[in-house]
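Read through the structure below, which is laid out as structure tokens, and then see the notes.
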Amino acid sequence: MDILAFIVDGLLIGFVYSIAAMGLTLIWGVMNVINLSHGSIIALGMFGVYYAFVELGINPYLGVLLVSVGGLLMGMVIYVIAIHRVINAPHLSTLLSTFSVNMIIIGLGTSAFSTSFRNVDYSLGGRTIGPVNLQGTRVVAALAALLVMAALYTFLYRTTLGKYVRAVADNRAAAELMGIPSARVLAFSFGLGTMLAAIAGGLIATFFPFTILSGGSYELKSFVIGVLGGVGNPLGALLGGLILGVFEGVIPYFMETSWVPVLEFVLFVVILLVRPTGILGTRK
């Protein structure tokens with residue numbers, strides 16, 4: 001198979017990875033919190049789409065819309081219960097808090113869903129263009145990811161609430177002096193980040209099998225993408241996701257797929273050593 005086919009496939013997946021990374025980097029950029037429950041939220045997004053499709057007969061992409069609303073609300077609840085009281089504490093406190101949420105979700109999820117693999121058996125066919133075979137589900141997932149990115153940009157730069165989020169991210173104390181309710185904005189921002197994670201999980205479920213534990217690998221990919229593009233930089237998350245997607249897509253052309261995670265983390269370490277601020281640098 002031509003290497004171009006691997007590159008295109010990697011790019012399509014990379015768009016979805018970018019959405020997951022944006023959720024992680026948005027929370028860090030706004031409130032300096034590393035969300036270790038990110039992976040379990042991705043997994044819940046997968047199961048949300050799966051059960052909406054299997055049990056209720058809802059189209060998977062409509063299921064992604066439902067999952068996005070659930071992710072937003074769940075994130076706000078998590079913030080109020082687990083993050084709000086430690087938001088100004090040392091980073092270790094927020095790390096432990098989000099890690100605890102992660103373990104609770106995994107524990108309850110394992111009890112409810114087991115660790116058996118699930119699969120959203122849904123196909124949109126495919127089309128071959130030259131050496132490239134485009135799978136419908138991956139093309140639609142990439143287009144949906146682009147639509148989400150456009151909506152996120154419009155929200156952050158064209159709406160009052162989005163401007164509040166940016167103001168709190170830039171200077172929380174000054175934003176409060178201007179009358180912006182920072183606690184509510186932070187809760188909404190955390191919800192927005194988890195919503196992006198849930199959307200990414202729902203889209204990934206349309207073309208990859210998964211378990212309740214699958215979110216962990218995508219959380220690690222999100223960290224790699226965040227560091228690669230620049231932590232706290234949404235545009236960097238997009239660039240990093242595309243780079244990692246292509247990297248992940250091309251590796252099987254040259255060697256066994258088992259080398260993919262190894263080389264991804266070699267890339268992660270190299271970026272930390274050579275350019276710790278990422279390609280685009282962190283948001284100022």
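Letters for chains follow the order of the structure tokens (A, B, ...), residue numbers begin at 1 for each chain, and ligand numbers begin at 1 in the order shown.
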*If you run DSSP on this backbone, which residues of range 21-209 of chain A come out as helix (DSSP H, G or I), and could you give them as number ranges by chain?*
A: 21-31, 38-54, 60-86, 91-113, 136-158, 160-170, 172-177, 182-204
*Please provide the set of residues having any atom within 10 Å of Gly191 in chain A, restricted to only C-alpha atoms, with same-chain residues fewer than 4 positions apart removed, written as JSON, numbers by chain.*
{"A": [23, 27, 68, 69, 70, 71, 72, 73, 74, 75, 76, 77, 78, 79, 185, 186, 187, 195, 196, 197]}
Limited to C-alpha atoms, could you put the picked residues into a file as a CSV table (one decimal), in the first residue's frame?
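Saved the output as again_22.csv:
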chain,number,residue,atom,x,y,z
A,23,GLY,CA,-10.1,19.5,26.2
A,27,ILE,CA,-8.6,23.2,31.4
A,68,SER,CA,-21.5,16.4,24.5
A,69,VAL,CA,-24.3,17.8,26.7
A,70,GLY,CA,-23.7,15.0,29.3
A,71,GLY,CA,-20.0,15.8,29.3
A,72,LEU,CA,-20.5,19.5,29.9
A,73,LEU,CA,-22.9,18.9,32.8
A,74,MET,CA,-20.7,16.1,34.3
A,75,GLY,CA,-17.6,18.3,34.1
A,76,MET,CA,-19.3,21.2,35.9
A,77,VAL,CA,-20.5,18.7,38.7
A,78,ILE,CA,-16.9,17.4,39.0
A,79,TYR,CA,-15.6,20.9,39.3
A,185,VAL,CA,-16.7,30.7,34.6
A,186,LEU,CA,-14.1,28.1,36.0
A,187,ALA,CA,-16.9,25.6,36.5
A,195,MET,CA,-17.3,18.0,26.9
A,196,LEU,CA,-14.5,18.0,24.3
A,197,ALA,CA,-13.1,14.8,25.9
*Would you please work out which residue, of A:Val262, A:Val269, A:Ile13, A:Ile81, is nearest to Thr137 in chain A when using only C-alpha atoms?*
A:Ile13
*If we count only C-alpha atoms, what is near range 204-214 of chain A at a cut-off of 8 Å, once residues fewer than 3 positions away on the same chain are taken out, given as a ChimeraX atom specification?*
/A:16,39-40,43-44,46-47,49-50,60,106,109-110,113-122,137-138,141,200-201,217-218
As a short mmCIF file (atom, residue, chain, number, x, y, z; two decimals) with C-alpha atoms, in the first residue's frame, which residues of range 107-271 of chain A does DSSP assign to strand (DSSP E or B)?
data_model
loop_
_atom_site.label_atom_id
_atom_site.label_comp_id
_atom_site.auth_asym_id
_atom_site.auth_seq_id
_atom_site.Cartn_x
_atom_site.Cartn_y
_atom_site.Cartn_z
CA ARG A 118 -17.39 -3.04 22.73
CA GLY A 126 -15.79 3.98 1.83
CA ARG A 127 -14.36 5.39 -1.35
CA THR A 128 -11.08 4.71 -3.08
CA ILE A 129 -9.24 7.65 -4.61
CA VAL A 132 -6.13 6.04 -0.74
CA ASN A 133 -9.13 4.19 0.68
CA LEU A 134 -11.25 6.67 2.62
CA GLN A 135 -13.44 5.09 5.31
CA PHE A 210 -12.95 0.07 23.29
#
Can you write out as a Markdown table which residues of range 153-175 of chain A fall within 12 Å of range 230-253 of chain A, alongside each residue's closest atom pair and its distance in Å to one decimal, counting only C-alpha atoms and ordering rows by chain and ascending residue number?
| residue | atom | partner | partner_atom | distance |
| --- | --- | --- | --- | --- |
| A:Tyr153 | CA | A:Pro234 | CA | 9.2 |
| A:Leu156 | CA | A:Pro234 | CA | 11.0 |
| A:Arg166 | CA | A:Gly232 | CA | 11.7 |
| A:Ala169 | CA | A:Gly232 | CA | 9.9 |
| A:Asp170 | CA | A:Gly232 | CA | 11.4 |
Output for the residues just chosen: C-alpha atoms as an mmCIF file, in the first residue's frame:
data_model
loop_
_atom_site.group_PDB
_atom_site.id
_atom_site.type_symbol
_atom_site.label_atom_id
_atom_site.label_comp_id
_atom_site.auth_asym_id
_atom_site.auth_seq_id
_atom_site.Cartn_x
_atom_site.Cartn_y
_atom_site.Cartn_z
ATOM 1 C CA TYR A 153 -13.235 29.288 18.262
ATOM 2 C CA LEU A 156 -14.289 31.875 22.705
ATOM 3 C CA ARG A 166 -10.439 34.172 28.120
ATOM 4 C CA ALA A 169 -7.558 32.593 31.878
ATOM 5 C CA ASP A 170 -5.464 35.755 31.379
#
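Closest approach to Ser37 in chain A among A:Val148, A:Leu203, A:Leu95, A:Ile3: A:Leu95, based on only C-alpha atoms.
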*Would you list the contacts of Glu176 in chain A as a PyMOL selection string, taking every protein, DNA or RNA residue within 12 Å and counting only C-alpha atoms, but skipping same-chain residues closer than 4 positions in sequence?*
chain A and resi 164-165+167-172+180-186
_Nearest to Phe99 in chain A by atom-to-atom distance, counting only C-alpha atoms, from A:Ala52, A:Val8, A:Leu146, A:Leu36_ = A:Leu36
_Shortest interatomic distance to Ile225 in chain A - which of A:Leu267, A:Leu161, A:Val64, A:Val260, counting only C-alpha atoms_ = A:Leu267
*Length of the CA of His91 in chain A to CA of Ser189 in chain A vector [Å]*: 17.9 Å
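Across A:Tyr17, A:Arg85, A:Ile58, A:Thr94, the tightest approach to Asn32 in chain A is made by A:Thr94 when counting only C-alpha atoms.
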*Record the distance separating CA of Ala173 in chain A and CA of Leu92 in chain A, expressed in Å with one decimal.*
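Spanning CA of Ala173 in chain A to CA of Leu92 in chain A is a straight-line distance of 22.2 Å.
If you look at CA of Ser123 in chain A and CA of Gly136 in chain A, they are 7.1 Å away from each other.
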